[in-house]
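Everything below belongs to work_13.txt, which stores compact mmCIF, C-alpha atoms.
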# COMPACT_ATOMS: atom_id res chain seq x y z
CA MET A 1 0.00 0.00 0.00
CA LYS A 2 2.73 2.41 1.11
CA ASN A 3 4.85 1.43 -1.88
CA ASN A 4 1.92 2.04 -4.22
CA ILE A 5 1.41 5.56 -2.84
CA ILE A 6 5.13 6.31 -3.22
CA LYS A 7 4.99 4.98 -6.79
CA ILE A 8 2.06 7.26 -7.62
CA LEU A 9 3.78 10.27 -6.03
CA GLU A 10 6.98 9.57 -7.96
CA ASN A 11 5.11 9.32 -11.26
CA ASN A 12 6.21 12.28 -13.35
CA ASN A 13 2.88 12.38 -15.23
CA ILE A 14 1.10 13.01 -11.92
CA GLU A 15 3.61 15.74 -11.05
CA LEU A 16 3.09 17.33 -14.48
CA LEU A 17 -0.70 17.29 -14.05
CA VAL A 18 -0.54 18.79 -10.54
CA ARG A 19 2.08 21.39 -11.53
CA VAL A 20 0.27 22.60 -14.66
CA SER A 21 -3.11 22.65 -12.87
CA LEU A 22 -1.74 24.73 -9.99
CA GLY A 23 0.01 27.01 -12.49
CA ILE A 24 -3.18 27.54 -14.50
CA LEU A 25 -5.16 28.29 -11.33
CA PHE A 26 -2.70 31.00 -10.29
CA PHE A 27 -2.28 32.36 -13.80
CA TYR A 28 -6.06 32.57 -14.27
CA SER A 29 -6.77 34.11 -10.86
CA SER A 30 -4.13 36.81 -11.46
CA LEU A 31 -5.79 38.10 -14.66
CA HIS A 32 -8.90 39.75 -13.23
CA LYS A 33 -6.83 41.28 -10.42
CA ILE A 34 -4.43 42.80 -12.95
CA GLY A 35 -7.42 44.11 -14.91
CA ASN A 36 -8.96 45.76 -11.86
CA PRO A 37 -6.35 46.60 -9.19
CA ALA A 38 -8.68 49.11 -7.48
CA GLU A 39 -11.26 46.40 -6.78
CA PHE A 40 -8.55 44.00 -5.60
CA ALA A 41 -7.20 46.70 -3.25
CA LYS A 42 -10.71 46.95 -1.76
CA VAL A 43 -10.73 43.20 -1.19
CA ILE A 44 -7.38 43.47 0.66
CA TYR A 45 -8.82 46.37 2.68
CA GLY A 46 -11.81 44.14 3.48
CA TYR A 47 -9.55 41.67 5.28
CA SER A 48 -8.92 44.40 7.89
CA LEU A 49 -5.48 42.94 8.57
CA PHE A 50 -3.11 45.23 6.75
CA PRO A 51 -1.88 48.80 7.38
CA HIS A 52 -3.50 51.25 4.96
CA SER A 53 -0.10 52.30 3.62
CA ILE A 54 0.67 48.86 2.11
CA ILE A 55 -2.77 47.90 0.71
CA ASN A 56 -2.13 49.40 -2.73
CA ILE A 57 1.43 48.02 -2.88
CA PHE A 58 -0.01 44.53 -2.25
CA ALA A 59 -2.76 45.08 -4.82
CA ILE A 60 -0.17 46.02 -7.44
CA SER A 61 2.40 43.30 -6.63
CA VAL A 62 0.49 40.14 -5.64
CA PRO A 63 -1.26 39.57 -9.03
CA PHE A 64 2.06 39.69 -10.90
CA LEU A 65 3.71 37.33 -8.41
CA GLU A 66 0.79 34.96 -9.10
CA LEU A 67 1.11 35.48 -12.86
CA PHE A 68 4.86 34.80 -13.13
CA ALA A 69 4.90 32.01 -10.54
CA GLY A 70 1.94 30.41 -12.36
CA LEU A 71 3.73 30.74 -15.70
CA SER A 72 6.91 29.18 -14.31
CA LEU A 73 4.87 26.09 -13.38
CA ILE A 74 2.97 25.92 -16.68
CA ILE A 75 5.96 26.27 -18.98
CA GLY A 76 8.36 24.54 -16.62
CA VAL A 77 10.93 27.26 -16.03
CA TYR A 78 12.49 26.82 -12.59
CA PRO A 79 9.24 25.32 -11.23
CA LYS A 80 10.77 24.77 -7.77
CA SER A 81 11.44 28.50 -7.41
CA GLY A 82 8.00 29.38 -8.80
CA VAL A 83 6.22 27.01 -6.46
CA MET A 84 8.12 28.49 -3.49
CA ILE A 85 6.46 31.84 -4.27
CA ILE A 86 3.07 30.13 -4.63
CA ASN A 87 3.50 28.24 -1.34
CA ILE A 88 4.41 31.43 0.54
CA MET A 89 1.35 33.20 -0.90
CA LEU A 90 -0.92 30.24 -0.11
CA SER A 91 0.39 30.15 3.47
CA LEU A 92 -0.39 33.86 3.86
CA PHE A 93 -3.88 33.44 2.33
CA ILE A 94 -4.58 30.52 4.70
CA ILE A 95 -3.46 32.57 7.74
CA ALA A 96 -5.51 35.62 6.65
CA ILE A 97 -8.70 33.61 5.90
CA SER A 98 -8.33 31.65 9.17
CA ILE A 99 -7.92 34.80 11.28
CA ASN A 100 -11.06 36.31 9.75
CA LEU A 101 -13.06 33.09 10.12
CA ILE A 102 -12.06 32.82 13.78
CA ARG A 103 -13.05 36.40 14.54
CA GLY A 104 -16.22 36.13 12.43
CA HIS A 105 -15.21 38.91 10.07
CA GLU A 106 -17.07 38.85 6.72
CA PHE A 107 -15.06 39.67 3.64
CA ASP A 108 -14.68 38.96 -0.04
CA CYS A 109 -11.89 36.45 -0.64
CA GLY A 110 -11.30 37.98 -4.11
CA CYS A 111 -9.78 34.76 -5.26
CA VAL A 112 -11.54 34.19 -8.55
CA SER A 113 -14.28 36.79 -8.70
CA PHE A 114 -15.07 39.95 -6.86
CA GLY A 115 -18.40 40.67 -5.24
CA GLU A 116 -20.31 41.06 -2.04
CA PRO A 117 -18.93 39.69 1.23
CA GLN A 118 -18.83 35.90 1.09
CA SER A 119 -20.72 33.66 3.47
CA VAL A 120 -18.79 31.86 6.21
CA MET A 121 -19.37 28.54 4.41
CA SER A 122 -17.90 29.75 1.13
CA ASN A 123 -14.87 31.09 2.98
CA ILE A 124 -14.43 27.69 4.62
CA TRP A 125 -14.46 26.13 1.14
CA VAL A 126 -11.85 28.66 0.00
CA LEU A 127 -9.74 27.76 3.03
CA ILE A 128 -10.03 24.02 2.27
CA ARG A 129 -9.15 24.67 -1.38
CA ASP A 130 -6.09 26.71 -0.38
CA ILE A 131 -4.94 23.98 2.02
CA PHE A 132 -5.21 21.43 -0.79
CA CYS A 133 -3.34 23.76 -3.15
CA LEU A 134 -0.60 24.16 -0.52
CA LEU A 135 -0.31 20.37 -0.23
CA PHE A 136 0.06 20.17 -4.02
CA GLY A 137 2.61 22.99 -3.83
CA VAL A 138 4.68 21.14 -1.23
CA TYR A 139 4.49 18.00 -3.41
CA ILE A 140 5.83 19.93 -6.43
CA LEU A 141 8.54 21.53 -4.27
CA TYR A 142 9.89 18.21 -3.04
CA PHE A 143 9.54 16.32 -6.34
CA ARG A 144 12.91 15.23 -7.75
CA ASP A 145 14.04 17.74 -10.37
CA ASP A 146 15.71 15.10 -12.58
CA ASN A 147 12.39 13.20 -12.79
CA ARG A 148 10.27 16.19 -13.90
CA LYS A 149 8.63 16.05 -17.32
CA LEU A 150 8.28 18.87 -19.88
CA CYS A 151 10.50 21.39 -18.15
CA ILE A 152 12.47 23.97 -20.13
CA LYS A 153 14.72 24.79 -17.15
CA LYS A 154 14.81 22.70 -13.99
CA MET B 1 16.08 23.29 -2.05
CA ASN B 2 19.48 24.78 -2.82
CA ILE B 3 21.15 28.10 -3.59
CA LYS B 4 20.14 27.84 -7.27
CA ASP B 5 16.45 27.53 -6.34
CA LEU B 6 16.70 30.51 -3.98
CA LYS B 7 18.47 32.53 -6.68
CA TYR B 8 15.67 31.93 -9.19
CA PHE B 9 13.05 32.43 -6.48
CA CYS B 10 14.48 35.95 -6.01
CA LEU B 11 14.73 36.46 -9.78
CA ILE B 12 11.06 35.53 -10.43
CA GLY B 13 10.10 37.78 -7.50
CA ILE B 14 12.10 40.75 -8.78
CA ILE B 15 10.84 40.35 -12.40
CA SER B 16 7.27 40.15 -11.09
CA LEU B 17 7.61 43.28 -8.96
CA ILE B 18 9.33 45.35 -11.67
CA THR B 19 6.68 44.31 -14.22
CA ALA B 20 3.90 45.00 -11.71
CA PHE B 21 4.96 48.59 -11.08
CA ILE B 22 5.68 49.34 -14.76
CA VAL B 23 2.28 47.94 -15.85
CA ASN B 24 0.52 49.81 -13.04
CA TYR B 25 2.24 53.04 -14.09
CA MET B 26 1.28 52.62 -17.76
CA SER B 27 -2.21 51.16 -17.28
CA PRO B 28 -5.28 53.43 -17.53
CA VAL B 29 -6.74 51.51 -14.58
CA GLY B 30 -3.53 51.76 -12.53
CA ILE B 31 -3.77 52.86 -8.91
CA ALA B 32 -1.78 55.25 -6.73
CA LEU B 33 0.86 53.78 -4.42
CA ILE B 34 -1.25 54.82 -1.44
CA GLY B 35 -5.04 54.72 -1.43
CA GLU B 36 -7.65 56.64 0.51
CA TRP B 37 -8.63 54.12 3.16
CA ASP B 38 -9.57 56.38 6.05
CA ILE B 39 -13.35 56.15 6.48
CA LYS B 40 -13.31 59.53 8.24
CA ASN B 41 -12.61 61.10 4.84
CA GLY B 42 -15.72 59.60 3.21
CA VAL B 43 -15.94 56.95 0.50
CA ILE B 44 -12.83 54.77 0.49
CA SER B 45 -10.93 54.19 -2.72
CA ALA B 46 -7.67 52.75 -4.00
CA ASN B 47 -7.25 56.06 -5.78
CA PRO B 48 -7.15 54.75 -9.34
CA LYS B 49 -6.37 56.94 -12.35
CA ASN B 50 -9.99 56.57 -13.51
CA SER B 51 -11.38 57.34 -10.04
CA THR B 52 -14.86 58.82 -9.81
CA VAL B 53 -14.51 59.69 -6.11
CA ASN B 54 -14.41 63.41 -5.41
CA HIS B 55 -14.62 64.17 -1.70
CA LYS B 56 -15.68 67.75 -2.44
CA ARG B 57 -19.10 66.40 -3.50
CA GLU B 58 -19.69 64.62 -0.21
CA ILE B 59 -22.03 65.79 2.54
CA THR B 60 -20.99 64.04 5.73
CA ASP B 61 -23.12 65.97 8.21
CA ASN B 62 -26.23 63.84 8.74
CA LYS B 63 -28.19 66.74 10.26
CA GLU B 64 -27.57 68.81 7.15
CA LEU B 65 -28.69 65.89 5.00
CA LYS B 66 -31.91 65.51 6.99
CA LYS B 67 -32.52 69.25 6.62
CA LEU B 68 -32.10 68.94 2.84
CA PHE B 69 -34.40 65.92 2.83
CA ASP B 70 -37.06 67.91 4.73
CA LEU B 71 -36.71 70.69 2.17
CA GLY B 72 -37.62 68.17 -0.54
CA VAL B 73 -34.22 67.78 -2.20
CA LEU B 74 -34.17 64.90 -4.69
CA PHE B 75 -32.34 61.74 -3.58
CA MET B 76 -31.13 59.29 -6.23
CA ASP B 77 -30.38 55.67 -5.33
CA ALA B 78 -27.42 54.31 -7.31
CA ARG B 79 -27.83 50.71 -6.11
CA THR B 80 -29.45 47.87 -8.05
CA ASN B 81 -33.24 47.73 -8.48
CA GLU B 82 -33.24 44.69 -6.20
CA ASP B 83 -31.54 46.58 -3.34
CA TYR B 84 -33.79 49.58 -3.93
CA SER B 85 -36.92 47.45 -3.65
CA LYS B 86 -35.73 46.01 -0.33
CA GLY B 87 -35.70 49.51 1.14
CA HIS B 88 -34.58 53.03 0.24
CA ILE B 89 -34.61 56.65 1.43
CA LYS B 90 -38.23 57.86 1.37
CA GLY B 91 -39.02 59.49 -1.95
CA ALA B 92 -35.68 58.55 -3.55
CA ILE B 93 -35.75 57.48 -7.18
CA SER B 94 -33.85 54.47 -8.44
CA ILE B 95 -31.12 55.09 -11.01
CA PRO B 96 -28.87 52.01 -10.90
CA VAL B 97 -25.47 53.24 -12.00
CA ASN B 98 -25.02 50.32 -14.42
CA LYS B 99 -28.31 51.25 -16.13
CA PHE B 100 -27.68 54.97 -16.26
CA GLU B 101 -27.87 55.15 -20.06
CA ASP B 102 -31.41 53.74 -20.00
CA ASN B 103 -32.50 56.57 -17.69
CA VAL B 104 -30.90 59.56 -19.40
CA GLU B 105 -34.04 60.45 -21.37
CA MET B 106 -36.22 60.31 -18.25
CA ILE B 107 -33.74 62.41 -16.21
CA TRP B 108 -33.57 65.07 -18.94
CA THR B 109 -37.33 65.25 -19.26
CA LYS B 110 -38.14 65.22 -15.58
CA PHE B 111 -35.43 67.36 -13.98
CA LYS B 112 -34.12 70.81 -14.78
CA LYS B 113 -30.36 71.38 -14.95
CA ASP B 114 -30.42 73.43 -11.74
CA GLN B 115 -32.11 70.60 -9.81
CA ARG B 116 -30.39 69.87 -6.48
CA ILE B 117 -29.63 66.14 -6.37
CA ILE B 118 -28.08 63.92 -3.69
CA THR B 119 -26.85 60.48 -4.73
CA TYR B 120 -26.21 57.55 -2.42
CA CYS B 121 -25.47 53.82 -2.50
CA SER B 122 -24.51 51.17 0.06
CA GLY B 123 -22.09 53.23 2.13
CA ILE B 124 -18.44 54.19 2.35
CA TYR B 125 -17.22 51.00 0.65
CA CYS B 126 -19.24 51.77 -2.45
CA GLU B 127 -18.26 54.22 -5.20
CA ASP B 128 -21.52 53.95 -7.18
CA SER B 129 -22.90 57.16 -5.64
CA HIS B 130 -19.87 59.04 -6.97
CA MET B 131 -20.13 57.34 -10.34
CA LEU B 132 -23.79 58.38 -10.60
CA ALA B 133 -22.91 61.92 -9.50
CA LYS B 134 -20.19 62.09 -12.15
CA ASN B 135 -22.60 60.85 -14.84
CA LEU B 136 -25.14 63.50 -13.80
CA GLU B 137 -22.47 66.21 -13.90
CA GLU B 138 -21.56 65.12 -17.40
CA LEU B 139 -25.23 65.55 -18.36
CA GLY B 140 -24.99 69.14 -17.19
CA TYR B 141 -26.35 68.89 -13.64
CA LYS B 142 -24.10 71.07 -11.51
CA ARG B 143 -25.79 70.85 -8.11
CA VAL B 144 -25.03 67.22 -7.35
CA SER B 145 -23.82 66.00 -3.96
CA VAL B 146 -23.02 62.58 -2.54
CA PHE B 147 -24.19 61.08 0.73
CA PRO B 148 -21.19 58.82 1.53
CA GLY B 149 -22.85 56.92 4.40
CA GLY B 150 -25.57 55.77 2.01
CA PHE B 151 -28.65 53.77 2.87
CA PRO B 152 -27.12 51.83 5.84
CA GLU B 153 -26.27 55.07 7.66
CA TRP B 154 -29.62 56.70 6.80
CA LYS B 155 -31.40 53.69 8.27
CA LYS B 156 -29.13 53.65 11.33
CA GLU B 157 -30.00 57.30 12.01
CA GLY B 158 -33.68 56.37 11.98
CA PHE B 159 -34.48 58.75 9.12
CA PRO B 160 -37.55 58.03 6.90
CA VAL B 161 -37.31 54.98 4.66
CA GLU B 162 -39.78 53.11 2.49
CA LYS B 163 -40.00 49.90 0.45

Rewrite the structure from the file as structure tokens, please.
Amino acid sequence: MKNNIIKILENNNIELLVRVSLGILFFYSSLHKIGNPAEFAKVIYGYSLFPHSIINIFAISVPFLELFAGLSLIIGVYPKSGVMIINIMLSLFIIAISINLIRGHEFDCGCVSFGEPQSVMSNIWVLIRDIFCLLFGVYILYFRDDNRKLCIKK
Amino acid sequence: MNIKDLKYFCLIGIISLITAFIVNYMSPVGIALIGEWDIKNGVISANPKNSTVNHKREITDNKELKKLFDLGVLFMDARTNEDYSKGHIKGAISIPVNKFEDNVEMIWTKFKKDQRIITYCSGIYCEDSHMLAKNLEELGYKRVSVFPGGFPEWKKEGFPVEK
């Protein structure tokens, strides 16, 4: 059983599928934020966790970190470095969503679409999704570079 | 993880940040480095280049607003028809900002250019009241103000509402 799981995890087709999927998710979610930084800044403000002076800096920078890190996974250019950026961002998202869920603060996650404050349940789903994405990210990070498939630069 | 991975981690990070600030600088929807997030100043905004927020339009004194309401000043609700039907300032008319074009004819016919108008929406997190005010100004209405607190604050104050 254990050997079978290890075999599956070491399969480079599985790694390729996970890596490209995570890359597409980040690439896609960056696009609407790049197209509307003012709305994304409002979402960051809605978290009520950040000093006002850095909200806009985050709103400008985060989408491009998502875009380039996502691209590095999709096209296979230094995927380990790209996934490190993604894992750091996912860890921060998980901490921010958890803090707001614990204190019962309603907010818009702003992850794929903007809108009215999300319900507690939908934020729990976002949290679960981010935890799964982080697990995938850790898997990509620790996958053996020499076994990776379709990578331009490892 | 080794030095090479950390090196390219920094490189991807730096390329992303440089691109981000260049694109933001060039983009017509780019935002200022610091936004207007203090609710004491009225409607909050990231301060984008295409911003519709103009704090000079805002009336923040609720007593003054009530006085204007009692004088019969026209209130325009910039929220959706659905929100309007759930409750609005008594006597306010519904002009959803995303359907402004459909209402231009009616506004022109019904209201003179010197009509005093106060727009509002869902409060300080919402810029629709400013967007509606800007649209009205572009139609030639010069006496347009914005109630930044919007319907939630009006209701909280116990001022007249209707459904």

Worksheet item: For chain A, which residue among B:Tyr125, B:Tyr141, B:Phe151, B:Phe111 is the nearest when counting all atoms listed in the file?
Response: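 Closest residue, counting all atoms listed in the file: B:Tyr125.
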
Worksheet item: With distances taken over only C-alpha atoms, which of B:Ile22, B:Ile15, B:Ala46, B:Ala133 is nearest to chain A?
Response: B:Ala46

Discussion item. Only residues of chain B matter here; which ones have an atom within 9 Å of chain A, counting only C-alpha atoms? Give them as a PyMOL selection string.
Written reply: chain B and resi 1+4-13+15-21+23-24+29-38+44-48+125

Practice prompt. For atom CA of Gly137 of chain A and atom CA of Leu25 of chain A, determine how far apart the two atoms are, in Å to one decimal place.
Written response: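 Interatomic distance here is 12.0 Å.
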
Worksheet item: Rounded to one decimal in Å, what is the spacing between atom CA of Ile59 of chain B and atom CA of Ile44 of chain A?
Response: 26.8 Å

Asn81 of chain B: which residues within 10 Å, counting all atoms listed in the file, same-chain residues fewer than 6 positions away excluded, as a tab-separated table (two decimals) with C-alpha atoms, in the frame of the given file?
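The result, stored in result_18.tsv:
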chain	number	residue	atom	x	y	z
B	94	SER	CA	-33.85	54.47	-8.44
B	95	ILE	CA	-31.12	55.09	-11.01
B	96	PRO	CA	-28.87	52.01	-10.90
B	99	LYS	CA	-28.31	51.25	-16.13

Item to complete: Go through A:Cys151, A:Leu135, A:Leu101, A:Leu73 one by one, measure the shortest atom-to-atom distance of each to Leu22 of chain A using all atoms listed in the file, and give the residue with the smallest value.
Response: A:Leu73
